[in-house]
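Have a look at the structure below, then the notes.
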Amino acid sequence: MLPEDCLSIILSFTSPEDALRASLVSSCFRSASDSDLVWERFLPSDYAEIVSNSVTPLMFCSKKELFQCLSDSVLIDGGNKVFKLEKPSGKKCYILSAKELSITWSSNPLYWSWISMAESRFCRVAVLRTTDWLEIGGKIRTKMLTPNTTYGAYLIMKISERAYGLDLMASEITLEVGNQVCSSNVFLKHGEGSKEMGNLGHKKEGSVREREDGWMEVELGEFYSGEKDEQVKMSLMEVKGCHLKGGLLIEGIEFRPKH
């Protein structure tokens, strides 16, 4: 017997998953849960900027349709980033392309090459030809992410069949927020699932795991995105072995909520 607007306000304090579930209760609930009032609350505050930065124009007639567009991967910022909303929670996810990362000597074709791959989200991925100094870094500001959320940072990669030297010595992975540093070691080889990562200030061993999209990933660490804007830096490097290594493909670094 509640007015539809009142019901919409109540649903707006839930989650996208709860609103979709409520729409199955009755036609009244369905109408209330489809309201722009509900889905406006589920969209990030900077959604207009994200829409304007989309490489391909987004077609939508309601805030619910816009949410559905953004819950699919959207290429933004000239094709150098991917933005996505988690469908159940509406929390932000980002992928920075390899072009957005700091890769030592990546502009030198003797060491790295840039190729297109049909299975990549981006127009180019970085391919390690040969080097004795492997260093890959990335950074993001927490204001780009959903506040009060724990995030994981993941290097998206592949190891080619002709790879060499990558697993002779462990690579060091670090994640830094302010004066807190999380460090870990990982052997770049096909693994059997990931081991527990250390919290900030601790050091444990990580591993490579398969992703559902056909790529592989290494967790670089986790951090908390609070109300304060902070810069988060992460890196993977192996510079101590002095041996040649090659056959590593880098697509980018993903930031997604941890559950």
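Identifiers in this document derive from the order of the structure tokens: chains are assigned A, B, ..., residues are numbered from 1 separately in each chain, and ligands are numbered from 1 in order of occurrence.
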
Give me the residues within 6 Å of region 161-164 of chain A as an mmCIF file with N, CA, C and O atoms, in the first residue's frame, counting only C-alpha atoms and dropping any in the same chain fewer than 3 places off.
data_model
loop_
_atom_site.group_PDB
_atom_site.id
_atom_site.type_symbol
_atom_site.label_atom_id
_atom_site.label_comp_id
_atom_site.auth_asym_id
_atom_site.auth_seq_id
_atom_site.Cartn_x
_atom_site.Cartn_y
_atom_site.Cartn_z
ATOM 1 N N LYS A 245 65.589 -12.888 -20.088
ATOM 2 C CA LYS A 245 64.257 -13.473 -19.975
ATOM 3 C C LYS A 245 63.379 -12.874 -21.060
ATOM 4 O O LYS A 245 63.578 -11.740 -21.492
ATOM 5 N N GLY A 246 62.383 -13.631 -21.505
ATOM 6 C CA GLY A 246 61.499 -13.163 -22.557
ATOM 7 C C GLY A 246 60.243 -14.002 -22.633
ATOM 8 O O GLY A 246 60.095 -15.001 -21.925
ATOM 9 N N GLY A 247 59.294 -13.568 -23.491
ATOM 10 C CA GLY A 247 58.070 -14.334 -23.675
ATOM 11 C C GLY A 247 56.932 -13.940 -22.771
ATOM 12 O O GLY A 247 55.958 -14.678 -22.635
#

Next item on the list: Would you kindly return, as an NGL selection string, each protein, DNA or RNA residue with an atom no farther than 6 Å from any atom of Glu251 (chain A), considering only C-alpha atoms and excluding same-chain residues fewer than 6 positions away?
Entry: :A and (97-98 or 125 or 156-157)

Could those selected residues go to a file with all heavy atoms, as a CSV table (one decimal), in the first residue's frame?
chain,number,residue,atom,x,y,z
A,97,SER,N,45.6,0.0,-19.3
A,97,SER,CA,46.3,-0.8,-20.4
A,97,SER,C,47.8,-0.7,-20.2
A,97,SER,O,48.3,0.1,-19.4
A,97,SER,CB,45.9,-0.2,-21.8
A,97,SER,OG,46.6,1.1,-21.9
A,98,ALA,N,48.5,-1.6,-20.9
A,98,ALA,CA,50.0,-1.6,-20.8
A,98,ALA,C,50.6,-0.2,-21.1
A,98,ALA,O,51.6,0.2,-20.6
A,98,ALA,CB,50.5,-2.7,-21.7
A,125,VAL,N,49.2,-4.7,-26.9
A,125,VAL,CA,49.7,-5.3,-25.7
A,125,VAL,C,51.2,-5.3,-25.8
A,125,VAL,O,51.8,-5.2,-26.9
A,125,VAL,CB,49.2,-6.7,-25.4
A,125,VAL,CG1,47.7,-6.7,-25.3
A,125,VAL,CG2,49.7,-7.6,-26.5
A,156,ILE,N,47.6,-8.3,-15.4
A,156,ILE,CA,47.0,-9.2,-16.4
A,156,ILE,C,48.0,-9.5,-17.5
A,156,ILE,O,48.6,-8.6,-18.1
A,156,ILE,CB,45.7,-8.6,-17.1
A,156,ILE,CG1,44.7,-8.1,-16.0
A,156,ILE,CG2,45.1,-9.6,-18.1
A,156,ILE,CD1,43.5,-7.4,-16.6
A,157,MET,N,48.3,-10.8,-17.7
A,157,MET,CA,49.5,-11.2,-18.5
A,157,MET,C,49.3,-12.5,-19.1
A,157,MET,O,48.3,-13.2,-18.9
A,157,MET,CB,50.7,-11.3,-17.6
A,157,MET,CG,50.4,-12.0,-16.3
A,157,MET,SD,51.9,-12.4,-15.4
A,157,MET,CE,52.3,-13.9,-16.2

Notebook entry, point to check: Hey, what's within 7 Å of region 50-58 of chain A if we count only C-alpha atoms and toss same-chain stuff fewer than 5 positions away? As a ChimeraX atom specification, please?
Noted result: /A:74-79

Item checked: Those of region 129-216 of chain A in DSSP strand (DSSP E or B), formatted as a ChimeraX atom specification -> /A:131,134-141,149-164,171-177,180-186,203-205,208-210,216

If you keep N, CA and C atoms, can you produce a file of those selected residues as a CSV table (one decimal), in the first residue's frame?
chain,number,residue,atom,x,y,z
A,131,THR,N,65.3,-9.2,-22.1
A,131,THR,CA,65.8,-8.2,-21.2
A,131,THR,C,66.4,-8.9,-20.0
A,134,LEU,N,63.7,-6.6,-15.7
A,134,LEU,CA,62.2,-6.6,-15.9
A,134,LEU,C,61.6,-5.7,-14.8
A,135,GLU,N,61.0,-4.6,-15.2
A,135,GLU,CA,60.4,-3.7,-14.2
A,135,GLU,C,59.1,-3.1,-14.8
A,136,ILE,N,58.0,-3.4,-14.1
A,136,ILE,CA,56.7,-2.9,-14.6
A,136,ILE,C,56.0,-2.3,-13.4
A,137,GLY,N,55.5,-1.0,-13.6
A,137,GLY,CA,54.9,-0.3,-12.5
A,137,GLY,C,53.6,0.4,-13.0
A,138,GLY,N,52.7,0.6,-12.0
A,138,GLY,CA,51.5,1.3,-12.3
A,138,GLY,C,51.1,2.1,-11.1
A,139,LYS,N,50.1,3.0,-11.3
A,139,LYS,CA,49.6,3.8,-10.1
A,139,LYS,C,48.2,4.2,-10.4
A,140,ILE,N,47.4,4.5,-9.3
A,140,ILE,CA,46.1,4.9,-9.4
A,140,ILE,C,45.7,5.7,-8.2
A,141,ARG,N,44.8,6.7,-8.3
A,141,ARG,CA,44.4,7.4,-7.1
A,141,ARG,C,43.1,6.9,-6.6
A,149,THR,N,36.1,0.7,0.4
A,149,THR,CA,36.1,-0.6,-0.3
A,149,THR,C,37.5,-1.1,-0.3
A,150,THR,N,37.7,-2.4,-0.1
A,150,THR,CA,39.0,-3.0,-0.2
A,150,THR,C,39.1,-3.5,-1.6
A,151,TYR,N,40.2,-3.1,-2.3
A,151,TYR,CA,40.5,-3.4,-3.7
A,151,TYR,C,41.7,-4.3,-3.8
A,152,GLY,N,41.8,-5.1,-4.8
A,152,GLY,CA,43.0,-5.9,-5.2
A,152,GLY,C,43.5,-5.3,-6.5
A,153,ALA,N,44.8,-5.3,-6.7
A,153,ALA,CA,45.5,-4.9,-7.9
A,153,ALA,C,46.1,-6.1,-8.6
A,154,TYR,N,45.8,-6.3,-9.9
A,154,TYR,CA,46.1,-7.6,-10.6
A,154,TYR,C,46.8,-7.3,-11.9
A,155,LEU,N,48.0,-7.8,-12.1
A,155,LEU,CA,48.7,-7.7,-13.4
A,155,LEU,C,48.1,-8.7,-14.3
A,156,ILE,N,47.6,-8.3,-15.4
A,156,ILE,CA,47.0,-9.2,-16.4
A,156,ILE,C,48.0,-9.5,-17.5
A,157,MET,N,48.3,-10.8,-17.7
A,157,MET,CA,49.5,-11.2,-18.5
A,157,MET,C,49.3,-12.5,-19.1
A,158,LYS,N,50.2,-12.9,-20.0
A,158,LYS,CA,50.3,-14.2,-20.5
A,158,LYS,C,51.7,-14.6,-20.6
A,159,ILE,N,52.0,-15.9,-20.6
A,159,ILE,CA,53.3,-16.5,-20.7
A,159,ILE,C,53.3,-17.3,-22.0
A,160,SER,N,54.1,-16.9,-23.0
A,160,SER,CA,54.1,-17.6,-24.2
A,160,SER,C,54.8,-19.0,-24.1
A,161,GLU,N,54.5,-19.8,-25.1
A,161,GLU,CA,55.1,-21.2,-25.1
A,161,GLU,C,56.6,-21.1,-25.2
A,162,ARG,N,57.1,-20.1,-25.8
A,162,ARG,CA,58.6,-20.0,-26.0
A,162,ARG,C,59.2,-19.1,-24.9
A,163,ALA,N,58.6,-18.9,-23.8
A,163,ALA,CA,59.1,-18.0,-22.8
A,163,ALA,C,60.4,-18.7,-22.2
A,164,TYR,N,61.2,-17.8,-21.7
A,164,TYR,CA,62.5,-18.3,-21.1
A,164,TYR,C,62.9,-17.4,-20.0
A,171,SER,N,60.3,-13.0,-9.0
A,171,SER,CA,60.1,-11.5,-9.2
A,171,SER,C,59.5,-11.0,-7.9
A,172,GLU,N,59.9,-9.7,-7.6
A,172,GLU,CA,59.3,-9.1,-6.4
A,172,GLU,C,58.1,-8.2,-6.8
A,173,ILE,N,57.1,-8.3,-6.1
A,173,ILE,CA,55.9,-7.5,-6.3
A,173,ILE,C,55.6,-6.7,-5.1
A,174,THR,N,55.3,-5.4,-5.3
A,174,THR,CA,55.1,-4.5,-4.2
A,174,THR,C,53.9,-3.6,-4.4
A,175,LEU,N,53.2,-3.2,-3.4
A,175,LEU,CA,52.1,-2.3,-3.4
A,175,LEU,C,52.3,-1.3,-2.3
A,176,GLU,N,52.3,0.0,-2.6
A,176,GLU,CA,52.6,1.1,-1.7
A,176,GLU,C,51.4,2.1,-1.6
A,177,VAL,N,51.0,2.4,-0.4
A,177,VAL,CA,50.0,3.4,-0.1
A,177,VAL,C,50.6,4.2,1.0
A,180,GLN,N,53.0,2.9,3.8
A,180,GLN,CA,52.8,1.4,4.0
A,180,GLN,C,53.1,0.7,2.7
A,181,VAL,N,53.9,-0.4,2.9
A,181,VAL,CA,54.3,-1.2,1.7
A,181,VAL,C,54.0,-2.6,1.9
A,182,CYS,N,53.4,-3.2,0.9
A,182,CYS,CA,53.1,-4.7,0.9
A,182,CYS,C,54.1,-5.3,-0.1
A,183,SER,N,54.8,-6.3,0.2
A,183,SER,CA,55.7,-6.9,-0.7
A,183,SER,C,55.5,-8.4,-0.7
A,184,SER,N,55.9,-9.0,-1.8
A,184,SER,CA,55.7,-10.5,-2.0
A,184,SER,C,56.6,-10.9,-3.2
A,185,ASN,N,56.8,-12.2,-3.3
A,185,ASN,CA,57.5,-12.8,-4.4
A,185,ASN,C,56.7,-13.7,-5.2
A,186,VAL,N,57.0,-13.8,-6.5
A,186,VAL,CA,56.2,-14.7,-7.4
A,186,VAL,C,57.1,-15.2,-8.5
A,203,LYS,N,55.2,-10.0,4.0
A,203,LYS,CA,55.7,-10.5,2.8
A,203,LYS,C,55.4,-12.0,2.7
A,204,LYS,N,54.7,-12.4,1.6
A,204,LYS,CA,54.4,-13.8,1.4
A,204,LYS,C,54.5,-14.1,-0.1
A,205,GLU,N,54.4,-15.3,-0.4
A,205,GLU,CA,54.6,-15.7,-1.8
A,205,GLU,C,53.3,-15.7,-2.6
A,208,VAL,N,50.9,-17.3,-10.1
A,208,VAL,CA,50.1,-16.9,-11.3
A,208,VAL,C,48.9,-17.8,-11.4
A,209,ARG,N,47.7,-17.2,-11.7
A,209,ARG,CA,46.5,-18.0,-11.8
A,209,ARG,C,45.8,-17.7,-13.1
A,210,GLU,N,45.0,-18.6,-13.6
A,210,GLU,CA,44.2,-18.4,-14.8
A,210,GLU,C,43.0,-17.6,-14.5
A,216,MET,N,46.0,-14.6,-17.8
A,216,MET,CA,46.5,-15.0,-16.5
A,216,MET,C,46.7,-13.7,-15.6

Checklist line | DSSP-assigned helix (DSSP H, G or I) among region 2-162 of chain A, expressed as a ChimeraX atom specification | finding: /A:4-12,16-22,27-33,36-42,47-52,63-70,77-79,98-100,142-144

Next item on the list: Fewer than 6 positions away in the same chain doesn't count, so skip those; otherwise give me all residues within 6 Å of region 35-44 of chain A, counting only C-alpha atoms, as a ChimeraX atom specification.
Entry: /A:8,12,63-64,90

At a cut-off of 9 Å, can you tabulate as JSON lines every residue of region 39-124 of chain A near region 252-257 of chain A together with its closest atom pair and the distance in Å to one decimal, using only C-alpha atoms and ordering rows by chain then number?
{"residue": "A:Lys81", "atom": "CA", "partner": "A:Gly252", "partner_atom": "CA", "distance": 9.0}
{"residue": "A:Val82", "atom": "CA", "partner": "A:Glu254", "partner_atom": "CA", "distance": 8.9}
{"residue": "A:Glu86", "atom": "CA", "partner": "A:Pro257", "partner_atom": "CA", "distance": 8.6}
{"residue": "A:Lys91", "atom": "CA", "partner": "A:Pro257", "partner_atom": "CA", "distance": 7.2}
{"residue": "A:Lys92", "atom": "CA", "partner": "A:Arg256", "partner_atom": "CA", "distance": 7.1}
{"residue": "A:Cys93", "atom": "CA", "partner": "A:Arg256", "partner_atom": "CA", "distance": 4.8}
{"residue": "A:Tyr94", "atom": "CA", "partner": "A:Phe255", "partner_atom": "CA", "distance": 5.2}
{"residue": "A:Ile95", "atom": "CA", "partner": "A:Glu254", "partner_atom": "CA", "distance": 4.2}
{"residue": "A:Leu96", "atom": "CA", "partner": "A:Ile253", "partner_atom": "CA", "distance": 5.2}
{"residue": "A:Ser97", "atom": "CA", "partner": "A:Gly252", "partner_atom": "CA", "distance": 4.3}
{"residue": "A:Ala98", "atom": "CA", "partner": "A:Gly252", "partner_atom": "CA", "distance": 4.5}
{"residue": "A:Lys99", "atom": "CA", "partner": "A:Gly252", "partner_atom": "CA", "distance": 7.9}
{"residue": "A:Glu100", "atom": "CA", "partner": "A:Gly252", "partner_atom": "CA", "distance": 7.8}
{"residue": "A:Leu101", "atom": "CA", "partner": "A:Gly252", "partner_atom": "CA", "distance": 7.3}
